[in-house]
Amino acid sequence: MRTPLIAGNWKMNGSAVLVEEFGRAFAEARLPASLDVVVLPPFPYLDAARRAFEGTSLRLGAQTLNPLHSGARTGEVSGRMLKEFGVEYALAGHSERRQLYREDDEAVYDRLLAALNADITPILCVGETLEERDAGKTLEVVLRQVGYVMARLEPDQRARVVIAYEPVWAIGTGRTATPQQAQEVMAAIREYQGGFDRDLAAGLRLLYGGSMNAGNAAELLAQPDIDGGLVGGASLKVDDFLAICQSAG
């Protein structure tokens with residue numbers, strides 16, 4: 001059985017007050033026994049979040065990392081540094097990083113490998129634009145992004161990766177892929193992984209992102225190949241995020 005995973009990506013949002021609010025709420029929350037919950041706040045809040053989340057079910061994640069351990073890279077943060085602050089998960093390849101900061105597939109691979117080398121679980125983000133979907137290229141684009149990374153990893157490394165499918169056209173727009181559309185892509189990703197190892201494919205955790213919220217989470221999470229969610233805007237609202245987590249039970 002795959003353990004569901006709900007990850008909240010705060011992006012460049014949040015505050016010290018919100019960190020404390022989440023800590024209090026999840027200290028009292030009753031969540032499914034078999035569920036991993038991760039919050040990915042901006043870097044300045046990592047230490048505060050580590051302290052606020054102590055004794056709760058919340059785990060700590062980072063939104064990106066630099067491939068190097070250290071060096072002349074002003075403004076960057078390494079996996080080694082993140083690990084010191086209790087970070088257990090890190091995103092690699094979020095569409096905003098690909099588009100706004102021009103991270104190509106090679107840069108995504110480098111960051112994902114850096115996370116693995118720092119003993120941090122990477123969440124590989126993949127997804128197509130609206131133009132690519134309209135052109136019928138969804139699976140071509142998504143499997144290319146997945147394959148560029150996964151085909152280059154060792155078997156034990158592949159087993160440690162989580163994959164999040166986020167159709168770019170659904171991120172922050174309020175539009176959501178239908179459960180059937182999301183399931184189709186998730187099933188294709190799992191089938192692709194089966195080409196490496198059937199057991200790996202069966203155990204691979206696949207998350208859906210792209211405007212998941214308290215209203216649509218249950219239907220999306222009911223799909224056989226959707227094991228959780230990478231949640232954006234709704235992860236900034238304690239009650240909504242709690243409702244999504246409870247939907248994963």
# chains A, B, ... in the order shown; residues from 1 in each chain; ligands from 1
call {"tool": "residues_around", "arguments": {"residues": "Glu128 (chain A)", "least_positions_apart": "3", "cutoff": "6 Å", "atoms": "only C-alpha atoms", "output": "PDB file with N, CA and C atoms, in the first residue's frame"}}
result
ATOM      1  N   GLU A 132       0.350  22.888 -25.265  1.00  0.00           N
ATOM      2  CA  GLU A 132       0.772  21.502 -25.459  1.00  0.00           C
ATOM      3  C   GLU A 132      -0.394  20.534 -25.304  1.00  0.00           C
ATOM      4  N   THR A 138       0.246  16.129 -24.387  1.00  0.00           N
ATOM      5  CA  THR A 138       0.354  16.011 -22.931  1.00  0.00           C
ATOM      6  C   THR A 138       1.281  14.873 -22.513  1.00  0.00           C
ATOM      7  N   PRO A 167      -0.571  20.077 -14.317  1.00  0.00           N
ATOM      8  CA  PRO A 167      -0.785  20.736 -15.606  1.00  0.00           C
ATOM      9  C   PRO A 167      -0.598  22.246 -15.440  1.00  0.00           C
ATOM     10  N   VAL A 168       0.305  22.814 -16.212  1.00  0.00           N
ATOM     11  CA  VAL A 168       0.660  24.219 -16.022  1.00  0.00           C
ATOM     12  C   VAL A 168      -0.559  25.119 -16.158  1.00  0.00           C
TER      13      VAL A 168
END
call {"tool": "residues_around", "arguments": {"residues": "Arg111 (chain A)", "least_positions_apart": "6", "cutoff": "8 Å", "atoms": "only C-alpha atoms", "output": "list of chain:residue names"}}
result
A:Thr64, A:Leu65, A:Asn66, A:Pro67, A:Ala92
call {"tool": "residues_around", "arguments": {"residues": "Pro224 (chain A)", "least_positions_apart": "3", "cutoff": "8 Å", "atoms": "only C-alpha atoms", "output": "short mmCIF file (atom, residue, chain, number, x, y, z; two decimals) with C-alpha atoms, in the first residue's frame"}}
result
data_model
loop_
_atom_site.label_atom_id
_atom_site.label_comp_id
_atom_site.auth_asym_id
_atom_site.auth_seq_id
_atom_site.Cartn_x
_atom_site.Cartn_y
_atom_site.Cartn_z
CA GLN A 183 -5.90 9.73 -13.80
CA LEU A 221 -7.78 11.43 -4.49
CA ASP A 227 -1.70 9.10 -4.11
#
call {"tool": "select_by_dssp", "arguments": {"residues": "region 131-233 of chain A", "states": "alpha helix (DSSP H)", "output": "PyMOL selection string"}}
result
chain A and resi 131-134+138-150+155-158+179-194+198-203+217-221
call {"tool": "residues_around", "arguments": {"residues": "Tyr109 (chain A)", "least_positions_apart": "2", "cutoff": "8 Å", "atoms": "only C-alpha atoms", "output": "list in words"}}
result
Ala92, Asp105, Glu106, Ala107, Arg111, Leu112, Leu113, Tyr148 and Val149 of chain A
call {"tool": "write_last_selection", "arguments": {"atoms": "all heavy atoms", "output": "mmCIF file, in the first residue's frame"}}
result
data_model
loop_
_atom_site.group_PDB
_atom_site.id
_atom_site.type_symbol
_atom_site.label_atom_id
_atom_site.label_comp_id
_atom_site.auth_asym_id
_atom_site.auth_seq_id
_atom_site.Cartn_x
_atom_site.Cartn_y
_atom_site.Cartn_z
ATOM 1 N N ALA A 92 11.557 19.769 -7.087
ATOM 2 C CA ALA A 92 12.490 19.923 -8.207
ATOM 3 C C ALA A 92 11.665 20.029 -9.476
ATOM 4 O O ALA A 92 10.834 19.168 -9.752
ATOM 5 C CB ALA A 92 13.450 18.740 -8.292
ATOM 6 N N ASP A 105 15.487 20.765 -18.208
ATOM 7 C CA ASP A 105 15.463 19.401 -17.670
ATOM 8 C C ASP A 105 16.775 19.034 -16.991
ATOM 9 O O ASP A 105 16.774 18.312 -15.990
ATOM 10 C CB ASP A 105 15.168 18.401 -18.791
ATOM 11 C CG ASP A 105 13.721 18.474 -19.276
ATOM 12 O OD1 ASP A 105 12.847 18.894 -18.487
ATOM 13 O OD2 ASP A 105 13.461 18.098 -20.431
ATOM 14 N N GLU A 106 17.898 19.526 -17.524
ATOM 15 C CA GLU A 106 19.193 19.213 -16.915
ATOM 16 C C GLU A 106 19.315 19.861 -15.540
ATOM 17 O O GLU A 106 19.800 19.234 -14.591
ATOM 18 C CB GLU A 106 20.331 19.692 -17.818
ATOM 19 C CG GLU A 106 21.725 19.323 -17.330
ATOM 20 C CD GLU A 106 22.007 17.828 -17.358
ATOM 21 O OE1 GLU A 106 21.295 17.091 -18.070
ATOM 22 O OE2 GLU A 106 22.953 17.395 -16.670
ATOM 23 N N ALA A 107 18.870 21.107 -15.423
ATOM 24 C CA ALA A 107 18.906 21.783 -14.122
ATOM 25 C C ALA A 107 17.999 21.089 -13.125
ATOM 26 O O ALA A 107 18.336 20.967 -11.939
ATOM 27 C CB ALA A 107 18.493 23.248 -14.279
ATOM 28 N N ARG A 111 19.196 19.317 -9.512
ATOM 29 C CA ARG A 111 18.608 19.652 -8.217
ATOM 30 C C ARG A 111 18.008 18.421 -7.542
ATOM 31 O O ARG A 111 18.127 18.238 -6.329
ATOM 32 C CB ARG A 111 17.551 20.750 -8.397
ATOM 33 C CG ARG A 111 18.179 22.117 -8.580
ATOM 34 C CD ARG A 111 17.249 23.120 -9.235
ATOM 35 N NE ARG A 111 17.853 24.455 -9.239
ATOM 36 C CZ ARG A 111 18.873 24.835 -10.017
ATOM 37 N NH1 ARG A 111 19.394 23.972 -10.889
ATOM 38 N NH2 ARG A 111 19.368 26.056 -9.950
ATOM 39 N N LEU A 112 17.369 17.592 -8.325
ATOM 40 C CA LEU A 112 16.809 16.368 -7.759
ATOM 41 C C LEU A 112 17.918 15.463 -7.231
ATOM 42 O O LEU A 112 17.799 14.893 -6.134
ATOM 43 C CB LEU A 112 15.970 15.650 -8.811
ATOM 44 C CG LEU A 112 15.237 14.388 -8.338
ATOM 45 C CD1 LEU A 112 13.848 14.313 -8.970
ATOM 46 C CD2 LEU A 112 16.015 13.129 -8.682
ATOM 47 N N LEU A 113 18.990 15.342 -7.973
ATOM 48 C CA LEU A 113 20.109 14.515 -7.516
ATOM 49 C C LEU A 113 20.738 15.092 -6.251
ATOM 50 O O LEU A 113 21.120 14.352 -5.340
ATOM 51 C CB LEU A 113 21.156 14.411 -8.630
ATOM 52 C CG LEU A 113 22.258 13.375 -8.443
ATOM 53 C CD1 LEU A 113 21.680 11.960 -8.356
ATOM 54 C CD2 LEU A 113 23.271 13.459 -9.587
ATOM 55 N N TYR A 148 13.618 12.081 -18.515
ATOM 56 C CA TYR A 148 14.926 12.737 -18.498
ATOM 57 C C TYR A 148 15.610 12.548 -17.155
ATOM 58 O O TYR A 148 16.834 12.403 -17.083
ATOM 59 C CB TYR A 148 14.775 14.228 -18.787
ATOM 60 C CG TYR A 148 16.101 14.899 -19.108
ATOM 61 C CD1 TYR A 148 16.535 15.008 -20.415
ATOM 62 C CD2 TYR A 148 16.914 15.400 -18.101
ATOM 63 C CE1 TYR A 148 17.756 15.598 -20.715
ATOM 64 C CE2 TYR A 148 18.127 15.990 -18.389
ATOM 65 C CZ TYR A 148 18.549 16.092 -19.700
ATOM 66 O OH TYR A 148 19.772 16.661 -19.990
ATOM 67 N N VAL A 149 14.809 12.531 -16.102
ATOM 68 C CA VAL A 149 15.360 12.353 -14.755
ATOM 69 C C VAL A 149 15.446 10.877 -14.372
ATOM 70 O O VAL A 149 16.514 10.369 -14.017
ATOM 71 C CB VAL A 149 14.503 13.120 -13.727
ATOM 72 C CG1 VAL A 149 14.952 12.792 -12.307
ATOM 73 C CG2 VAL A 149 14.584 14.615 -13.980
#
call {"tool": "closest_residue", "arguments": {"among": "A:Glu219, A:Asp110, A:Asp47, A:Asp240", "to": "His69 (chain A)", "atoms": "only C-alpha atoms"}}
result
A:Asp110
call {"tool": "closest_residue", "arguments": {"among": "A:Gly55, A:Gly93, A:Gly8, A:Gly232", "to": "Gly23 (chain A)", "atoms": "only C-alpha atoms"}}
result
A:Gly55
call {"tool": "residues_around", "arguments": {"residues": "Ala48 (chain A)", "least_positions_apart": "3", "cutoff": "12 Å", "atoms": "only C-alpha atoms", "output": "list in words"}}
result
Gly14, Ser15, Ala16, Val17, Leu18, Val19, Glu20, Glu21, Phe22, Gly23, Pro41, Pro42, Phe43, Pro44, Tyr45, Arg51, Ala52, Phe53, Glu54, Leu60, Phe85 and Gly86 of chain A
call {"tool": "select_by_dssp", "arguments": {"residues": "region 12-131 of chain A", "states": "strand (DSSP E or B)", "output": "list in words"}}
result
Asp36, Val37, Val38, Val39, Leu40, Leu58, Arg59, Leu60, Gly61, Ala62, Asn66, Ser78, Tyr89, Ala90, Leu91, Ala92, Thr121, Pro122, Ile123, Leu124, Cys125 and Val126 of chain A
call {"tool": "closest_atom_pairs", "arguments": {"of": "region 201-233 of chain A", "to": "region 191-196 of chain A", "cutoff": "9 Å", "atoms": "only C-alpha atoms", "output": "tab-separated table"}}
result
residue	atom	partner	partner_atom	distance
A:Ala201	CA	A:Gly194	CA	4.9
A:Ala202	CA	A:Gly194	CA	7.8
A:Leu204	CA	A:Gln193	CA	8.3
call {"tool": "write_last_selection", "arguments": {"atoms": "N, CA, C and O atoms", "output": "CSV table (one decimal), in the first residue's frame"}}
result
chain,number,residue,atom,x,y,z
A,201,ALA,N,7.2,0.7,-9.9
A,201,ALA,CA,6.0,1.4,-10.4
A,201,ALA,C,4.8,1.2,-9.4
A,201,ALA,O,4.1,2.2,-9.1
A,202,ALA,N,4.7,0.1,-8.8
A,202,ALA,CA,3.6,-0.2,-7.9
A,202,ALA,C,3.7,0.7,-6.6
A,202,ALA,O,2.7,1.1,-6.0
A,204,LEU,N,5.5,3.6,-6.4
A,204,LEU,CA,5.7,5.0,-6.7
A,204,LEU,C,4.6,5.9,-6.2
A,204,LEU,O,3.4,5.7,-6.6
call {"tool": "closest_residue", "arguments": {"among": "A:Val161, A:Met150, A:Ala33, A:Val231", "to": "Leu116 (chain A)", "atoms": "only C-alpha atoms"}}
result
A:Val161
call {"tool": "atom_distance", "arguments": {"atom1": "CA of Arg73 (chain A)", "atom2": "CA of Tyr165 (chain A)"}}
result
29.6 Å
